Amino acid sequence: MATQPMPEQFLHLPDEDRKEILQTAAAQLGQQATVLEKDVWVCWTLQTLFSLPDAHPMAFKGGTSLSKVYGIIERFSEDVDITLDYRAFNDTFDPFAEDASKNAVKKFGDRLKGYVLQYANDVVVPYVKAQLQVLPNTENYGVEVSDDGERIWIQYPSAIEGSDTYLKSSILVELGGRNVIDPNERHIISPDISKLVTGLDLPSGEIVVLSPERTFWEKATLIHVECHRKQIKAHANRLSRHWYDLRMLARHASGKTALNNRGLFEDVVRHKQVFFNTSYANYDTCLTTDLHLIPGDQLIKALRTDYEKMLSAGMMYGDPLPFDRIISDIQEIEQAINDG
């Protein structure tokens with residue numbers, strides 16, 4: 001009996017072939033070819049990270065998990081946000097112990113940052129580079145890491161000319177080592193074009209994903225902090241997505257479950273108070289009927305501009321929500337949380 005030939009790997013195809021496949025799929029799916037191309041690389045990145053030998057316990061979280069895994073949001077999300085469970089680092093200090101001083105907690109947080117830096121430079125980056133070496137034209141790929149190891153950029157050559165400047169030809173991996181990965185679920189991810197393309201090997205794999213219930217409260221508390229920030233963060237670049245995501249989560253079953261899970265809300269706030277506190281964060285008021293989700297006029301204006309950029313980059317699917325509708329719905333969510 002003749003053996004079936006191994007399917008050709010999509011990322012090994014010549015640029016022109018990949019371009020043709022992406023543009024054909026884009027027309028059929030009603031998406032931009034650059035978005036579909038980046039989606040392939042998001043999947044490649046996740047497949048690579050979760051195939052690390054003896055990997056540190058970690059979970060995929062954030063907006064991309066809401067889009068890619070759960071289908072809760074109708075937008076393309078481009079960053080790969082990974083939490084490394086702080087409890088699995090070789091450190092016995094308990095930051096939540098009653099006798100833990102602020103100074104001791106700060107030193108622990110600094111040690112965790114050091115563990116992330118070491119893990120990024122000694123484990124993640126070498127492995128990613130080794131996997132890129134398997135691909136053709138390796139000189140066209142690049143890996144950069146921030147000084148603190150918390151951001152890794154994987155640069156890939158786009159087969160699509162004239163790519164939108166809002167959607168860069170690189171994947172940002174954000175590594176965080178000051179949180180937990182509970183609750184989580186296991187899911188298989190694959191590129192959107194896999195629905196249409198047959199006979200090709202596309203990046204896919206099983207990954208661990210943070211539950212959307214925890215992501216709901218992570219998003220809500222992030223927005224609360226941004227509303228209290230004294231100066232707008234980098235012109236609100238790529239910030240409007242958080243308001244959109246929270247609105248979509250609140251309409252989903254997981255968001256409704258989260259709203260009824262006060263204990264999970266308190267746990268998220270507790271972790272942020274210990275690991276991410278700032279002078280302006282006002283985490284204490286989150287739990288005392290004073291959660292802020294509606295920003296001031298200046299930030300609203302900047303968020304509107306950022307949202308319009310996201311729309312023009314073709315990152316929203318279907319009929320996107322008007323920005324004013326998002327803010328109006330968020331106001332209702334704020335009221336519901338504070339009344340709860």
# chains A, B, ... in the order shown; residues from 1 in each chain; ligands from 1
>>> select_by_dssp(residues="segment 105-267 of chain A", states="strand (DSSP E or B)", output="number ranges by chain")
A: 142-145, 151-155, 170-179, 184-189, 200-201, 205-210
>>> write_last_selection(atoms="N, CA and C atoms", output="compact mmCIF listing (two decimals), in the first residue's frame")
# COMPACT_ATOMS: atom_id res chain seq x y z
N GLY A 142 13.50 37.50 12.75
CA GLY A 142 14.26 38.10 13.83
C GLY A 142 13.56 37.92 15.16
N VAL A 143 14.34 37.91 16.23
CA VAL A 143 13.79 37.83 17.58
C VAL A 143 14.48 38.91 18.42
N GLU A 144 13.68 39.75 19.05
CA GLU A 144 14.22 40.77 19.95
C GLU A 144 13.56 40.60 21.31
N VAL A 145 14.30 40.94 22.34
CA VAL A 145 13.77 40.83 23.70
C VAL A 145 14.04 42.12 24.45
N ARG A 151 8.98 41.31 27.25
CA ARG A 151 8.44 41.48 25.90
C ARG A 151 9.42 40.87 24.89
N ILE A 152 8.89 40.00 24.06
CA ILE A 152 9.68 39.36 23.01
C ILE A 152 8.98 39.61 21.68
N TRP A 153 9.71 40.12 20.70
CA TRP A 153 9.14 40.39 19.38
C TRP A 153 9.67 39.36 18.39
N ILE A 154 8.76 38.68 17.73
CA ILE A 154 9.13 37.72 16.69
C ILE A 154 8.77 38.36 15.35
N GLN A 155 9.79 38.71 14.57
CA GLN A 155 9.58 39.40 13.31
C GLN A 155 9.55 38.40 12.17
N SER A 170 5.11 41.51 13.00
CA SER A 170 5.81 40.92 14.15
C SER A 170 4.78 40.51 15.18
N ILE A 171 5.13 39.52 15.96
CA ILE A 171 4.27 39.06 17.06
C ILE A 171 4.91 39.49 18.36
N LEU A 172 4.14 40.17 19.18
CA LEU A 172 4.61 40.56 20.50
C LEU A 172 4.18 39.51 21.51
N VAL A 173 5.16 38.91 22.16
CA VAL A 173 4.89 37.98 23.26
C VAL A 173 5.15 38.73 24.56
N GLU A 174 4.14 38.78 25.40
CA GLU A 174 4.30 39.43 26.70
C GLU A 174 4.33 38.36 27.78
N LEU A 175 5.43 38.32 28.51
CA LEU A 175 5.61 37.34 29.58
C LEU A 175 5.42 38.03 30.93
N GLY A 176 4.53 37.50 31.74
CA GLY A 176 4.33 38.02 33.08
C GLY A 176 4.55 36.93 34.10
N GLY A 177 5.27 37.25 35.16
CA GLY A 177 5.57 36.23 36.17
C GLY A 177 5.06 36.57 37.55
N ARG A 178 4.05 37.45 37.62
CA ARG A 178 3.54 37.86 38.93
C ARG A 178 2.04 37.62 39.04
N ASN A 179 1.62 36.45 38.58
CA ASN A 179 0.21 36.11 38.66
C ASN A 179 0.05 34.60 38.68
N ASN A 184 -8.10 27.61 34.58
CA ASN A 184 -7.68 27.52 33.18
C ASN A 184 -8.32 26.32 32.49
N GLU A 185 -8.19 26.29 31.17
CA GLU A 185 -8.75 25.20 30.36
C GLU A 185 -7.75 24.86 29.26
N ARG A 186 -7.91 23.67 28.68
CA ARG A 186 -7.07 23.26 27.55
C ARG A 186 -7.87 23.36 26.26
N HIS A 187 -7.25 23.95 25.24
CA HIS A 187 -7.92 24.10 23.95
C HIS A 187 -6.91 23.89 22.82
N ILE A 188 -7.42 23.50 21.66
CA ILE A 188 -6.59 23.38 20.46
C ILE A 188 -6.82 24.61 19.59
N ILE A 189 -5.73 25.23 19.16
CA ILE A 189 -5.83 26.41 18.30
C ILE A 189 -5.31 26.10 16.91
N LEU A 200 -2.38 21.21 3.39
CA LEU A 200 -1.22 21.96 3.86
C LEU A 200 -1.11 21.83 5.37
N ASP A 201 0.11 21.80 5.86
CA ASP A 201 0.37 21.72 7.29
C ASP A 201 0.44 23.14 7.85
N GLY A 205 -1.93 23.51 17.73
CA GLY A 205 -1.49 22.75 18.89
C GLY A 205 -2.41 22.97 20.08
N GLU A 206 -2.22 22.14 21.09
CA GLU A 206 -3.01 22.26 22.32
C GLU A 206 -2.30 23.21 23.28
N ILE A 207 -3.07 24.12 23.84
CA ILE A 207 -2.49 25.12 24.75
C ILE A 207 -3.34 25.23 26.01
N VAL A 208 -2.75 25.82 27.04
CA VAL A 208 -3.46 26.09 28.29
C VAL A 208 -3.92 27.55 28.25
N VAL A 209 -5.20 27.77 28.53
CA VAL A 209 -5.78 29.11 28.40
C VAL A 209 -6.43 29.53 29.72
N LEU A 210 -6.16 30.75 30.13
CA LEU A 210 -6.81 31.30 31.32
C LEU A 210 -8.30 31.42 31.05
>>> residues_around(residues="Lys107 of chain A", least_positions_apart="5", cutoff="12 Å", atoms="only C-alpha atoms", output="ChimeraX atom specification")
/A:91,93-95,100-102,112-114,274-275
>>> write_last_selection(atoms="C-alpha atoms", output="compact mmCIF listing (two decimals), in the first residue's frame")
# COMPACT_ATOMS: atom_id res chain seq x y z
CA ASP A 91 10.97 30.72 45.88
CA PHE A 93 8.20 33.44 50.09
CA ASP A 94 4.44 33.95 50.56
CA PRO A 95 3.49 37.50 49.56
CA ALA A 100 4.78 39.88 54.95
CA SER A 101 6.08 43.45 54.99
CA LYS A 102 5.78 45.81 52.02
CA LEU A 112 10.10 37.34 40.17
CA LYS A 113 11.10 39.87 37.52
CA GLY A 114 14.58 38.36 37.61
CA VAL A 274 0.37 43.01 45.91
CA PHE A 275 2.15 42.85 42.55
>>> closest_residue(among="A:Gly71, A:Pro53, A:Ser77, A:Pro183", to="Tyr127 of chain A", atoms="only C-alpha atoms")
A:Pro53
>>> residues_around(residues="Pro320 of chain A", least_positions_apart="3", cutoff="12 Å", atoms="only C-alpha atoms", output="count of residues only")
19
>>> select_by_dssp(residues="segment 112-202 of chain A", states="alpha helix (DSSP H)", output="PDB file with C-alpha atoms, in the first residue's frame")
ATOM      1  CA  LEU A 112      10.098  37.340  40.174  1.00  0.00           C
ATOM      2  CA  LYS A 113      11.098  39.867  37.524  1.00  0.00           C
ATOM      3  CA  GLY A 114      14.578  38.365  37.614  1.00  0.00           C
ATOM      4  CA  TYR A 115      13.177  34.855  37.166  1.00  0.00           C
ATOM      5  CA  VAL A 116      11.178  36.016  34.121  1.00  0.00           C
ATOM      6  CA  LEU A 117      14.244  37.707  32.628  1.00  0.00           C
ATOM      7  CA  GLN A 118      16.308  34.553  33.082  1.00  0.00           C
ATOM      8  CA  TYR A 119      13.560  32.312  31.688  1.00  0.00           C
ATOM      9  CA  VAL A 125      14.347  33.043  23.146  1.00  0.00           C
ATOM     10  CA  PRO A 126      16.846  30.258  22.278  1.00  0.00           C
ATOM     11  CA  TYR A 127      13.975  27.830  21.632  1.00  0.00           C
ATOM     12  CA  VAL A 128      12.067  30.291  19.434  1.00  0.00           C
ATOM     13  CA  LYS A 129      15.229  31.046  17.455  1.00  0.00           C
ATOM     14  CA  ALA A 130      15.862  27.316  16.987  1.00  0.00           C
ATOM     15  CA  GLN A 131      12.318  26.806  15.643  1.00  0.00           C
ATOM     16  CA  LEU A 132      12.732  29.724  13.234  1.00  0.00           C
TER      17      LEU A 132
END
>>> closest_residue(among="A:Phe96, A:Phe10, A:Trp44, A:Phe60", to="Gln273 of chain A", atoms="only C-alpha atoms")
A:Phe96
>>> closest_residue(among="A:Gly318, A:Val123, A:Asp284, A:Thr215", to="Ser51 of chain A", atoms="only C-alpha atoms")
A:Val123
